[in-house]
Amino acid sequence: MTVFRVLVVDDEAPARTKVLRLLAADARFTAVGEAVDGTEALARMETLRPDLVVLDVQMPGLTGFEVLEALGPEACPAVIFSTAYERFALQAFEAHAADYLLKPYDAARFARALDKAHALLSAGARDTASLGALLTTVARARPERPLERLVVKAGEGWVPLKLDTVWRLSSEDKYVRLHTAQGEHLVRQTLRALEERLDPARFVRVHRGDLVNLEAVARLEPWTHGDGILALKDGSTVILSRTYRESFLQQWGAAE
């Protein structure tokens, strides 16, 4: 019999202890580790490669959703969400997560969640599309305040990156490269998805594959066929397509 590996993520020690105790009673699963916050969860998920994660939604620092967003749906294991907030549980359920646990839950409810996860894992199913849809739904359901940070890989760890330090975002297939004074980072999102969450008064599309931070623009130089060249304050340049020229100039003038 295949025994599936489980990572337990919760910032509250009693909650982790409860999950570990309930897991120990089910021979189909084995706990391979635990994490006390989102940053540790990301590191443990990469090194331990669990088949299943029991993931608290509301944690200090990074939320459970930010953890999954940083890792990317394709790299995520099956997920059982654990939350004290029913609206999050409903979103997880509707998006076909392995299951959700609405705190406080009992042993019988946890067992049903494990049954559902076991059926999913035994079938070899990995519904990355549903998880991706969940993350998109959650992002759009957040308050209207623009996105202020992203969690990015830095060496062997993960760090939160403030978006006001990013001067350019460029599309690379299913990824976005973030350009900052401290270096570059790749995130597993599309440029369009990120654009929807950024502050439109700060970040403006200048090309099909590029957004720029208006604060990073030093000058605009003419080029050919109505296109222009934006010289950024770090010395780099990016094409301003004539398609986006008018909207850029409007925003740039407003910013000045």
# chains A, B, ... in the order shown; residues from 1 in each chain; ligands from 1
call {"tool": "select_by_dssp", "arguments": {"residues": "stretch 95-215 of chain A", "states": "strand (DSSP E or B)", "output": "PyMOL selection string"}}
result
chain A and resi 99-102+149-154+157-162+166-172+175-180+183-187+203-207+210-213
call {"tool": "write_last_selection", "arguments": {"atoms": "C-alpha atoms", "output": "PDB file, in the first residue's frame"}}
result
ATOM      1  CA  ASP A  99     -11.043  19.388   0.993  1.00  0.00           C
ATOM      2  CA  TYR A 100     -11.312  21.991   3.709  1.00  0.00           C
ATOM      3  CA  LEU A 101     -11.546  21.845   7.472  1.00  0.00           C
ATOM      4  CA  LEU A 102     -13.568  24.544   9.172  1.00  0.00           C
ATOM      5  CA  ARG A 149       4.180  42.640  -2.322  1.00  0.00           C
ATOM      6  CA  LEU A 150       5.012  39.308  -3.875  1.00  0.00           C
ATOM      7  CA  VAL A 151       6.841  36.352  -2.377  1.00  0.00           C
ATOM      8  CA  VAL A 152       9.905  35.523  -4.472  1.00  0.00           C
ATOM      9  CA  LYS A 153      12.703  32.952  -4.414  1.00  0.00           C
ATOM     10  CA  ALA A 154      16.011  34.295  -3.112  1.00  0.00           C
ATOM     11  CA  GLY A 157      14.834  30.641   0.617  1.00  0.00           C
ATOM     12  CA  TRP A 158      11.825  32.852   0.013  1.00  0.00           C
ATOM     13  CA  VAL A 159      11.381  36.543   0.806  1.00  0.00           C
ATOM     14  CA  PRO A 160       8.590  39.108   0.462  1.00  0.00           C
ATOM     15  CA  LEU A 161       9.392  41.719  -2.193  1.00  0.00           C
ATOM     16  CA  LYS A 162       7.794  45.156  -1.970  1.00  0.00           C
ATOM     17  CA  VAL A 166      10.240  46.976  -8.810  1.00  0.00           C
ATOM     18  CA  TRP A 167      10.902  49.202 -11.809  1.00  0.00           C
ATOM     19  CA  ARG A 168       9.903  46.840 -14.609  1.00  0.00           C
ATOM     20  CA  LEU A 169       7.915  43.632 -15.098  1.00  0.00           C
ATOM     21  CA  SER A 170       8.489  41.593 -18.243  1.00  0.00           C
ATOM     22  CA  SER A 171       6.626  38.568 -19.526  1.00  0.00           C
ATOM     23  CA  GLU A 172       8.424  35.257 -20.043  1.00  0.00           C
ATOM     24  CA  TYR A 175       6.349  33.642 -15.766  1.00  0.00           C
ATOM     25  CA  VAL A 176       7.018  37.295 -15.023  1.00  0.00           C
ATOM     26  CA  ARG A 177      10.506  38.660 -14.466  1.00  0.00           C
ATOM     27  CA  LEU A 178      10.687  41.391 -11.845  1.00  0.00           C
ATOM     28  CA  HIS A 179      13.533  43.883 -12.292  1.00  0.00           C
ATOM     29  CA  THR A 180      14.769  45.628  -9.137  1.00  0.00           C
ATOM     30  CA  GLY A 183      18.477  41.964  -8.919  1.00  0.00           C
ATOM     31  CA  GLU A 184      15.870  40.022 -10.865  1.00  0.00           C
ATOM     32  CA  HIS A 185      13.252  37.510  -9.745  1.00  0.00           C
ATOM     33  CA  LEU A 186      10.925  35.147 -11.605  1.00  0.00           C
ATOM     34  CA  VAL A 187       7.386  34.578 -10.354  1.00  0.00           C
ATOM     35  CA  PHE A 203       2.511  50.585 -13.073  1.00  0.00           C
ATOM     36  CA  VAL A 204       1.696  51.148 -16.750  1.00  0.00           C
ATOM     37  CA  ARG A 205       1.864  48.791 -19.712  1.00  0.00           C
ATOM     38  CA  VAL A 206       4.280  50.076 -22.342  1.00  0.00           C
ATOM     39  CA  HIS A 207       4.576  47.027 -24.550  1.00  0.00           C
ATOM     40  CA  ASP A 210       6.295  44.928 -20.383  1.00  0.00           C
ATOM     41  CA  LEU A 211       4.990  47.041 -17.525  1.00  0.00           C
ATOM     42  CA  VAL A 212       7.038  49.843 -16.013  1.00  0.00           C
ATOM     43  CA  ASN A 213       6.980  51.678 -12.732  1.00  0.00           C
TER      44      ASN A 213
END
call {"tool": "select_by_dssp", "arguments": {"residues": "stretch 17-210 of chain A", "states": "alpha helix (DSSP H)", "output": "ChimeraX atom specification"}}
result
/A:17-24,38-48,64-71,86-94,107-122,128-141,191-195
call {"tool": "residues_around", "arguments": {"residues": "stretch 7-16 of chain A", "least_positions_apart": "4", "cutoff": "12 Å", "atoms": "only C-alpha atoms", "output": "number ranges by chain"}}
result
A: 20-23, 29-64, 67, 76-84, 101, 103-106
call {"tool": "atom_distance", "arguments": {"atom1": "atom CA of A:Arg219", "atom2": "atom CA of A:Ala231"}}
result
5.4 Å
call {"tool": "residues_around", "arguments": {"residues": "A:Ser247", "least_positions_apart": "3", "cutoff": "12 Å", "atoms": "only C-alpha atoms", "output": "ChimeraX atom specification"}}
result
/A:200-201,203-207,240-244,250-254
call {"tool": "closest_residue", "arguments": {"among": "A:Arg28, A:Lys233, A:Lys116, A:Lys18", "to": "A:Arg5", "atoms": "only C-alpha atoms"}}
result
A:Arg28
call {"tool": "atom_distance", "arguments": {"atom1": "atom CA of A:Glu215", "atom2": "atom CA of A:Thr165"}}
result
9.8 Å
call {"tool": "closest_residue", "arguments": {"among": "A:Leu194, A:Val3, A:Ala107, A:Val217", "to": "A:Glu69", "atoms": "only C-alpha atoms"}}
result
A:Leu194
call {"tool": "closest_residue", "arguments": {"among": "A:Leu249, A:Leu147, A:Ala218, A:Ala113", "to": "A:Leu198", "atoms": "only C-alpha atoms"}}
result
A:Leu147
